$ cat target-v8.tsv   # TSV, C-alpha atoms and all ligand atoms
chain	number	residue	atom	x	y	z
I	1	MET	CA	123.66	133.93	101.52
I	2	ASP	CA	125.14	137.14	100.21
I	3	THR	CA	126.50	139.36	102.92
I	4	ASP	CA	124.72	142.50	101.65
I	5	ILE	CA	121.38	141.07	102.69
I	6	LEU	CA	122.80	140.01	106.02
I	7	ASN	CA	124.18	143.43	106.81
I	8	SER	CA	121.77	145.89	105.22
I	9	ILE	CA	118.38	146.59	106.65
I	10	LYS	CA	115.79	148.59	104.76
I	11	ILE	CA	114.48	151.19	107.19
I	12	GLU	CA	111.12	152.90	106.80
I	13	LYS	CA	110.60	155.39	109.62
I	14	THR	CA	107.28	156.35	111.10
I	15	THR	CA	105.99	159.82	110.22
I	16	GLN	CA	104.30	160.24	113.58
I	17	SER	CA	105.86	158.96	116.79
I	18	LYS	CA	103.46	157.48	119.34
I	19	LEU	CA	105.82	158.28	122.23
I	20	PRO	CA	103.44	159.16	125.10
I	21	LYS	CA	103.58	162.81	126.17
I	22	ASP	CA	103.37	161.91	129.85
I	23	GLY	CA	106.43	159.70	129.62
I	24	ILE	CA	107.15	156.00	129.42
I	25	ASN	CA	108.12	155.25	132.99
I	26	ASP	CA	106.36	152.59	135.07
I	27	LEU	CA	104.12	151.32	132.26
I	28	LYS	CA	102.36	147.99	132.71
I	29	PHE	CA	104.64	145.16	131.58
I	30	GLY	CA	104.34	144.28	127.89
I	31	SER	CA	101.36	146.42	126.96
I	32	THR	CA	102.78	149.47	125.12
I	33	PHE	CA	104.83	149.05	121.96
I	34	THR	CA	107.41	151.27	120.33
I	35	ASP	CA	107.12	153.02	116.95
I	36	HIS	CA	108.88	150.39	114.86
I	37	MET	CA	109.28	146.66	114.38
I	38	PHE	CA	111.90	144.50	112.70
I	39	ILE	CA	110.72	141.89	110.22
I	40	VAL	CA	112.37	139.41	107.88
I	41	GLN	CA	110.68	136.71	105.85
I	42	TYR	CA	111.96	133.22	105.11
I	43	LYS	CA	110.80	132.16	101.66
I	44	ASP	CA	112.06	130.08	98.73
I	45	GLY	CA	114.51	128.36	101.04
I	46	LYS	CA	116.23	131.51	102.27
I	47	TRP	CA	115.95	134.60	104.42
I	48	GLN	CA	114.84	137.65	102.43
I	49	GLU	CA	115.64	141.34	102.85
I	50	PRO	CA	115.34	142.43	106.52
I	51	LYS	CA	113.24	145.52	107.21
I	52	ILE	CA	112.44	147.93	109.98
I	53	MET	CA	109.04	149.53	109.50
I	54	PRO	CA	106.37	151.33	111.54
I	55	TYR	CA	104.78	148.99	114.13
I	56	GLN	CA	101.65	147.67	112.47
I	57	PRO	CA	99.29	144.66	112.25
I	58	LEU	CA	100.19	141.71	110.04
I	59	GLU	CA	97.79	140.53	107.39
I	60	LEU	CA	97.70	136.73	107.38
I	61	ASP	CA	95.59	134.22	105.50
I	62	PRO	CA	93.24	132.27	107.82
I	63	SER	CA	94.97	129.05	106.77
I	64	THR	CA	98.36	130.35	107.94
I	65	ARG	CA	100.18	127.42	109.50
I	66	VAL	CA	100.94	129.02	112.88
I	67	PHE	CA	97.20	129.30	113.66
I	68	HIS	CA	96.64	125.58	113.17
I	69	TYR	CA	99.83	123.82	114.18
I	70	GLY	CA	101.45	126.20	116.61
I	71	GLN	CA	104.85	126.51	114.96
I	72	ALA	CA	105.89	129.54	116.98
I	73	ILE	CA	108.90	130.34	119.14
I	74	PHE	CA	110.08	133.44	120.95
I	75	GLU	CA	112.77	135.04	123.05
I	76	GLY	CA	112.64	137.57	125.86
I	77	MET	CA	115.37	140.10	126.55
I	78	LYS	CA	115.79	143.67	127.77
I	79	ALA	CA	117.60	146.87	126.84
I	80	TYR	CA	118.80	149.06	129.71
I	81	LYS	CA	119.77	152.73	129.68
I	82	ASP	CA	122.57	153.96	131.94
I	83	THR	CA	122.96	157.44	133.42
I	84	ASN	CA	125.14	158.47	130.45
I	85	ASN	CA	122.29	157.70	128.03
I	86	LYS	CA	124.04	154.59	126.71
I	87	THR	CA	122.00	151.53	125.76
I	88	TRP	CA	123.02	148.07	126.95
I	89	LEU	CA	121.91	144.51	126.33
I	90	PHE	CA	122.63	141.52	128.55
I	91	ARG	CA	124.18	138.40	126.96
I	92	PRO	CA	122.23	138.87	123.68
I	93	LEU	CA	124.14	136.14	121.85
I	94	ASP	CA	122.78	133.61	124.33
I	95	ASN	CA	119.26	134.55	123.25
I	96	GLN	CA	120.28	134.33	119.61
I	97	GLU	CA	121.69	130.84	120.11
I	98	ARG	CA	118.69	129.71	122.12
I	99	LEU	CA	116.30	130.97	119.43
I	100	ASN	CA	118.02	128.69	116.96
I	101	LYS	CA	117.88	125.72	119.34
I	102	SER	CA	114.13	126.31	119.66
I	103	ALA	CA	113.89	126.65	115.86
I	104	VAL	CA	115.56	123.27	115.29
I	105	ARG	CA	113.24	121.54	117.76
I	106	MET	CA	110.17	123.07	116.09
I	107	GLN	CA	111.38	122.24	112.54
I	108	MET	CA	111.82	125.94	111.72
I	109	PRO	CA	114.76	127.55	109.88
I	110	GLU	CA	117.68	128.84	111.92
I	111	LEU	CA	118.25	132.58	111.72
I	112	PRO	CA	121.78	133.80	110.90
I	113	LYS	CA	123.40	135.54	113.85
I	114	GLU	CA	124.02	138.69	111.77
I	115	ILE	CA	120.33	139.18	111.01
I	116	PHE	CA	119.38	138.77	114.66
I	117	MET	CA	122.08	141.07	116.01
I	118	ASN	CA	121.83	143.74	113.29
I	119	GLY	CA	118.05	143.79	113.49
I	120	LEU	CA	118.20	144.11	117.25
I	121	THR	CA	120.80	146.88	117.36
I	122	GLU	CA	119.32	148.93	114.50
I	123	LEU	CA	115.84	148.74	116.06
I	124	LEU	CA	117.24	149.79	119.45
I	125	LYS	CA	119.13	152.74	117.96
I	126	LEU	CA	115.91	153.93	116.35
I	127	GLU	CA	113.88	153.42	119.55
I	128	LYS	CA	116.38	154.91	121.98
I	129	ASP	CA	113.86	157.40	123.40
I	130	TRP	CA	111.56	154.49	124.23
I	131	ILE	CA	113.93	153.01	126.79
I	132	PRO	CA	112.60	154.07	130.19
I	133	THR	CA	114.96	155.23	132.90
I	134	ALA	CA	112.97	154.94	136.14
I	135	ASP	CA	114.22	152.45	138.71
I	136	GLY	CA	113.66	148.84	137.59
I	137	ASN	CA	112.32	149.95	134.20
I	138	SER	CA	113.68	148.72	130.88
I	139	LEU	CA	112.72	148.13	127.28
I	140	TYR	CA	111.45	144.56	127.06
I	141	ILE	CA	112.35	143.01	123.70
I	142	ARG	CA	110.40	140.21	122.11
I	143	PRO	CA	112.07	138.47	119.14
I	144	PHE	CA	109.82	135.75	117.71
I	145	MET	CA	109.32	133.48	114.73
I	146	ILE	CA	106.06	132.16	113.27
I	147	ALA	CA	105.11	129.78	110.47
I	148	SER	CA	103.56	132.10	107.88
I	149	GLY	CA	102.96	129.63	105.04
I	150	ARG	CA	99.38	128.89	103.91
I	151	GLY	CA	97.62	125.53	103.94
I	152	ILE	CA	95.92	123.36	106.54
I	153	TYR	CA	97.81	120.15	105.96
I	154	ALA	CA	99.81	119.06	108.97
I	155	ALA	CA	103.34	119.69	107.80
I	156	PRO	CA	105.97	122.28	108.64
I	157	SER	CA	105.60	125.59	106.86
I	158	ASP	CA	107.89	126.60	104.01
I	159	GLU	CA	107.55	130.30	104.89
I	160	TYR	CA	108.26	132.09	108.17
I	161	PHE	CA	108.44	135.55	109.67
I	162	PHE	CA	111.06	136.47	112.21
I	163	MET	CA	110.21	139.70	113.97
I	164	ILE	CA	111.34	141.86	116.87
I	165	ILE	CA	108.97	144.11	118.78
I	166	ALA	CA	109.75	146.11	121.91
I	167	SER	CA	107.79	147.33	124.89
I	168	PRO	CA	108.81	149.89	127.54
I	169	SER	CA	108.08	148.21	130.83
I	170	GLY	CA	108.03	148.93	134.52
I	171	LYS	CA	108.83	146.41	137.23
I	172	TYR	CA	107.30	143.00	136.60
I	173	TYR	CA	106.29	141.78	140.05
I	174	SER	CA	106.30	143.98	143.08
I	175	LYS	CA	105.60	141.45	145.80
I	176	ASP	CA	106.86	138.03	146.86
I	177	VAL	CA	104.76	135.22	145.37
I	178	ASN	CA	102.98	132.12	146.64
I	179	VAL	CA	103.42	128.97	144.59
I	180	VAL	CA	101.87	125.54	144.40
I	181	ILE	CA	103.90	122.46	143.49
I	182	ALA	CA	102.40	120.53	140.57
I	183	GLU	CA	101.02	117.12	141.40
I	184	HIS	CA	98.72	116.45	138.45
I	185	TYR	CA	99.39	118.66	135.43
I	186	SER	CA	102.73	118.88	133.61
I	187	ARG	CA	104.34	121.69	131.66
I	188	ALA	CA	106.72	119.50	129.67
I	189	ALA	CA	107.01	115.90	128.57
I	190	ASN	CA	109.96	113.54	128.37
I	191	GLY	CA	111.16	113.92	124.81
I	192	GLY	CA	108.91	116.97	124.41
I	193	VAL	CA	109.52	120.67	123.79
I	194	GLY	CA	110.04	121.88	127.37
I	195	ALA	CA	113.57	123.08	126.58
I	196	ALA	CA	112.37	125.10	123.58
I	197	LYS	CA	110.92	128.56	124.05
I	198	ALA	CA	107.86	127.40	122.13
I	199	ALA	CA	104.66	129.45	122.35
I	200	GLY	CA	102.60	126.34	123.09
I	201	ASN	CA	104.47	125.73	126.34
I	202	TYR	CA	102.81	128.87	127.66
I	203	GLY	CA	99.34	128.15	126.27
I	204	ALA	CA	99.42	124.74	127.93
I	205	GLN	CA	100.11	126.31	131.34
I	206	PHE	CA	97.27	128.80	131.36
I	207	TYR	CA	94.53	126.42	132.52
I	208	PRO	CA	96.36	124.79	135.47
I	209	THR	CA	97.81	128.18	136.45
I	210	GLN	CA	94.33	129.71	136.50
I	211	GLN	CA	93.18	126.87	138.78
I	212	ALA	CA	96.08	127.70	141.10
I	213	ILE	CA	95.23	131.42	141.00
I	214	LYS	CA	91.63	130.61	142.00
I	215	LYS	CA	93.05	128.90	145.10
I	216	GLY	CA	95.04	132.02	145.96
I	217	PHE	CA	98.44	131.19	144.46
I	218	ASP	CA	100.40	133.14	141.88
I	219	GLN	CA	102.30	130.44	140.02
I	220	ILE	CA	102.98	126.73	139.75
I	221	ILE	CA	106.32	125.02	140.25
I	222	TRP	CA	106.38	122.21	137.74
I	223	THR	CA	107.67	118.77	138.53
I	224	ASP	CA	108.99	115.80	136.51
I	225	SER	CA	106.71	113.18	134.96
I	226	THR	CA	106.38	111.35	138.29
I	227	HIS	CA	105.84	114.62	140.24
I	228	THR	CA	108.81	113.69	142.43
I	229	TYR	CA	111.43	116.26	141.42
I	230	LEU	CA	111.13	120.03	141.17
I	231	GLU	CA	111.79	121.54	137.75
I	232	GLU	CA	110.92	125.19	137.07
I	233	ALA	CA	108.18	127.77	137.36
I	234	GLY	CA	107.26	127.89	133.69
I	235	THR	CA	108.35	131.48	133.12
I	236	MET	CA	111.28	131.31	135.50
I	237	ASN	CA	113.86	128.81	136.68
I	238	VAL	CA	113.79	128.10	140.41
I	239	PHE	CA	116.49	128.27	143.08
I	240	PHE	CA	116.50	126.93	146.64
I	241	ARG	CA	118.74	128.03	149.46
I	242	ILE	CA	119.27	125.16	151.88
I	243	ASN	CA	121.28	126.50	154.81
I	244	ASP	CA	123.83	128.54	152.82
I	245	THR	CA	123.97	126.32	149.74
I	246	LEU	CA	122.27	127.40	146.53
I	247	VAL	CA	120.54	124.50	144.77
I	248	THR	CA	118.87	124.40	141.36
I	249	ALA	CA	117.76	121.65	138.99
I	250	PRO	CA	120.00	120.75	136.05
I	251	THR	CA	118.66	121.79	132.65
I	252	SER	CA	117.21	118.96	130.59
I	253	GLU	CA	114.94	118.43	127.61
I	254	ARG	CA	112.08	119.37	129.96
I	255	ILE	CA	113.57	122.59	131.38
I	256	LEU	CA	114.33	125.91	129.71
I	257	ASP	CA	117.99	126.87	129.90
I	258	GLY	CA	117.54	130.38	131.33
I	259	VAL	CA	120.11	133.13	130.86
I	260	THR	CA	119.25	134.51	134.30
I	261	ARG	CA	119.67	131.04	135.83
I	262	LYS	CA	123.16	130.51	134.48
I	263	SER	CA	124.16	134.08	135.36
I	264	ILE	CA	123.12	133.53	138.98
I	265	ILE	CA	125.07	130.27	139.13
I	266	ALA	CA	128.16	132.09	137.80
I	267	LEU	CA	127.70	135.00	140.23
I	268	ALA	CA	127.31	132.63	143.19
I	269	GLU	CA	130.39	130.61	142.24
I	270	ASN	CA	132.34	133.83	141.79
I	271	MET	CA	131.31	134.95	145.29
I	272	GLY	CA	132.28	131.65	146.88
I	273	ILE	CA	128.72	130.61	147.64
I	274	PRO	CA	128.38	126.80	147.48
I	275	VAL	CA	126.25	125.87	144.47
I	276	GLU	CA	124.72	122.48	143.71
I	277	VAL	CA	123.17	121.83	140.31
I	278	ARG	CA	121.31	118.61	140.92
I	279	LYS	CA	117.91	117.00	141.12
I	280	ILE	CA	115.92	118.23	144.06
I	281	SER	CA	112.86	116.34	145.26
I	282	VAL	CA	109.65	117.74	146.64
I	283	GLN	CA	110.23	115.59	149.73
I	284	GLU	CA	113.67	117.14	150.27
I	285	ILE	CA	112.40	120.72	150.35
I	286	LYS	CA	109.42	119.80	152.52
I	287	ASP	CA	111.81	118.17	155.01
I	288	ALA	CA	114.17	121.15	154.78
I	289	ALA	CA	111.26	123.55	155.32
I	290	ARG	CA	110.10	121.58	158.38
I	291	ASN	CA	113.52	121.48	160.03
I	292	GLY	CA	114.33	125.11	159.24
I	293	GLU	CA	117.09	124.44	156.71
I	294	LEU	CA	115.16	125.86	153.77
I	295	LYS	CA	116.01	129.55	153.95
I	296	GLU	CA	114.86	130.84	150.57
I	297	MET	CA	113.18	129.96	147.30
I	298	PHE	CA	113.12	132.25	144.30
I	299	GLY	CA	112.40	132.33	140.59
I	300	ALA	CA	114.85	133.71	138.04
I	301	GLY	CA	114.03	135.01	134.57
I	302	THR	CA	114.57	138.06	132.37
I	303	ALA	CA	111.14	139.63	132.92
I	304	ALA	CA	111.13	139.80	136.71
I	305	VAL	CA	114.90	139.20	137.20
I	306	ILE	CA	114.32	137.53	140.57
I	307	THR	CA	111.01	136.73	142.22
I	308	PRO	CA	111.23	135.72	145.87
I	309	ILE	CA	108.78	133.03	146.96
I	310	ALA	CA	106.99	133.65	150.26
I	311	LYS	CA	105.08	130.38	150.56
I	312	PHE	CA	104.73	127.05	148.79
I	313	SER	CA	102.01	124.48	148.95
I	314	HIS	CA	102.05	120.76	148.24
I	315	ARG	CA	99.06	118.42	148.66
I	316	ASP	CA	97.18	121.13	150.57
I	317	GLU	CA	100.00	121.51	153.07
I	318	GLU	CA	101.48	125.00	153.21
I	319	PHE	CA	105.05	125.98	154.01
I	320	GLU	CA	106.04	129.56	154.81
I	321	LEU	CA	109.57	130.66	153.98
I	322	PRO	CA	111.37	132.53	156.77
I	323	LYS	CA	111.70	136.30	156.44
I	324	LEU	CA	115.46	136.70	156.35
I	325	GLU	CA	117.39	139.92	156.70
I	326	ASN	CA	120.16	139.24	154.19
I	327	ARG	CA	118.57	137.31	151.39
I	328	TYR	CA	120.51	135.76	148.53
I	329	SER	CA	117.62	136.78	146.29
I	330	ASP	CA	118.04	140.49	147.06
I	331	MET	CA	121.80	140.25	146.72
I	332	PHE	CA	121.67	138.46	143.33
I	333	LYS	CA	119.07	140.87	142.06
I	334	LYS	CA	121.25	143.82	142.99
I	335	LYS	CA	124.41	142.28	141.51
I	336	LEU	CA	122.66	141.35	138.27
I	337	THR	CA	120.85	144.64	137.76
I	338	ASP	CA	123.99	146.61	138.66
I	339	ILE	CA	125.75	144.83	135.79
I	340	GLN	CA	122.76	145.20	133.45
I	341	TYR	CA	122.36	148.95	134.07
I	342	ASN	CA	126.12	149.59	133.92
I	343	ARG	CA	126.30	150.60	137.59
I	344	ASP	CA	129.04	148.13	138.44
I	345	GLU	CA	131.99	146.24	136.97
I	346	ASP	CA	131.17	143.39	134.62
I	347	PRO	CA	133.96	140.84	135.18
I	348	PHE	CA	132.07	138.27	133.09
I	349	GLY	CA	131.78	140.32	129.88
I	350	TRP	CA	128.00	139.95	129.87
I	351	ARG	CA	127.14	143.55	129.04
I	352	TYR	CA	126.78	144.49	125.37
I	353	LEU	CA	126.90	148.14	124.26
I	354	VAL	CA	124.42	149.10	121.54
I	355	GLU	CA	126.12	151.55	119.18
I	401	LIG	C1	112.18	132.33	129.23
I	401	LIG	C2	111.97	131.28	130.24
I	401	LIG	C3	112.73	131.21	131.43
I	401	LIG	C4	113.73	132.26	131.83
I	401	LIG	O1	114.79	132.37	130.92
I	401	LIG	P1	115.70	133.69	130.90
I	401	LIG	O2	116.64	133.46	129.78
I	401	LIG	O3	116.37	133.78	132.21
I	401	LIG	O4	114.76	134.83	130.68
I	401	LIG	C5	112.52	130.14	132.27
I	401	LIG	N1	111.61	129.18	131.99
I	401	LIG	C6	110.87	129.23	130.86
I	401	LIG	C7	109.92	128.12	130.58
I	401	LIG	C8	111.01	130.27	129.95
I	401	LIG	O5	110.26	130.30	128.86

$ encode --input "target-v8.tsv" --output "structure tokens"
Amino acid sequence: MDTDILNSIKIEKTTQSKLPKDGINDLKFGSTFTDHMFIVQYKDGKWQEPKIMPYQPLELDPSTRVFHYGQAIFEGMKAYKDTNNKTWLFRPLDNQERLNKSAVRMQMPELPKEIFMNGLTELLKLEKDWIPTADGNSLYIRPFMIASGRGIYAAPSDEYFFMIIASPSGKYYSKDVNVVIAEHYSRAANGGVGAAKAAGNYGAQFYPTQQAIKKGFDQIIWTDSTHTYLEEAGTMNVFFRINDTLVTAPTSERILDGVTRKSIIALAENMGIPVEVRKISVQEIKDAARNGELKEMFGAGTAAVITPIAKFSHRDEEFELPKLENRYSDMFKKKLTDIQYNRDEDPFGWRYLVE
């Protein structure tokens, strides 16, 4: 592809900013969108001219492939503003690489790194005033790709849109959550798309999650095909603290390889905390909970950063987690967000300045 297209973005600015007069702090997660969006079409076997344009609806033919066959993938990342008004991203190339892994699995075209990164940084420069500064606030960024070709025959599309939209967002969860361990439904299948950030993975979780919510839980922790081993929470990877050891499941074709997950593993190793990446059975954590060795459980993902778990349930038996003073979850959250918001050293080189 010629490098001009890769590096030049056609920018059409809005004539009337929608920036709310009463500010953008503490908005509900993912509900307000910025003035512009990034869009690039894949057509005739190649990516076309990338554009930034005013945020607006798409017009799509009813036979558009994504509506019928679910060829859709996404990413989730955040932009953070520091006290010097500088904009930072966190490990954005990991999201770019993961998008392409998801694309391959869903028979979609890979997006050149330059288009992803230039689109992202140009959009963020334009939307700088949309990055909230209140504690725990950030600009949530949603890159995604959909099959935009027409025709209701079951075959991969020959046209796609890759887009980036952004949403100023407050804190995601404010309280510790109660979870239920899956014993009937599954999020992912062996040989399936669990490791891809495919839209359908979320759609498939809504029904069982709603059943869990009706019973007073917030989320489900998914298990393997035999419901023996713990996998992830479906929007977050899951960590267990057994005595002082941090344990988490290895990634697999059923589990999403989270950026937050691998950052926590690196932080823990760097701090000398024993870390075990291995299979962990439901029986093991029930036993550990009963004998007092299970100190903490928490979810890890970009949206909420870290979500401590207060209680888990399995086969109608409930297990309360102890209320510790010095929790790993609070410590990792502080370490991670201090790096993300440029409040502390970044020995790992994770922070990425948008300029
Ligand atoms: C996005 C996602 C996560 C978290 O990944 P991060 O890169 O840490 O945001 C975990 N599990 C699933 C299924 C996801 O889609």

$ axis_aligned_box --input "target-v8.tsv" --around "ligand LIG 401 (chain I)" --padding-each-side "8 Å" --output "JSON"
{"center_x": 113.3, "center_y": 131.5, "center_z": 130.6, "size_x": 22.7, "size_y": 22.7, "size_z": 19.4}

$ residues_near_ligand --input "target-v8.tsv" --ligand "ligand LIG 401 (chain I)" --cutoff "8 Å" --atoms "only C-alpha atoms and all ligand atoms" --output "number ranges by chain"
I: 75-77, 95, 194-198, 201-202, 232-237, 255-262, 300-303, 305

$ closest_residue --input "target-v8.tsv" --among "I:Ala79, I:Ile213, I:Ile221, I:Met106" --to "I:Asp129" --atoms "only C-alpha atoms"
I:Ala79

$ residues_around --input "target-v8.tsv" --residues "stretch 47-53 of chain I" --least-positions-apart "5" --cutoff "10 Å" --atoms "all atoms listed in the file" --output "JSON, numbers by chain"
{"I": [1, 4, 5, 6, 7, 8, 9, 10, 11, 12, 13, 14, 35, 36, 37, 38, 39, 40, 41, 42, 109, 110, 111, 112, 115, 116, 118, 119, 122, 123, 126, 159, 160, 161, 162, 163, 164]}

$ atom_distance --input "target-v8.tsv" --atom1 "atom CA of I:Asp82" --atom2 "atom CA of I:Glu345"
13.2 Å

$ atom_distance --input "target-v8.tsv" --atom1 "atom CA of I:Ser225" --atom2 "atom CA of I:Tyr185"
9.2 Å

$ residues_around --input "target-v8.tsv" --residues "I:Leu19" --least-positions-apart "6" --cutoff "10 Å" --atoms "all atoms listed in the file" --output "list of chain:residue names"
I:Thr32, I:Phe33, I:Thr34, I:Asp35, I:Glu127, I:Asp129, I:Trp130
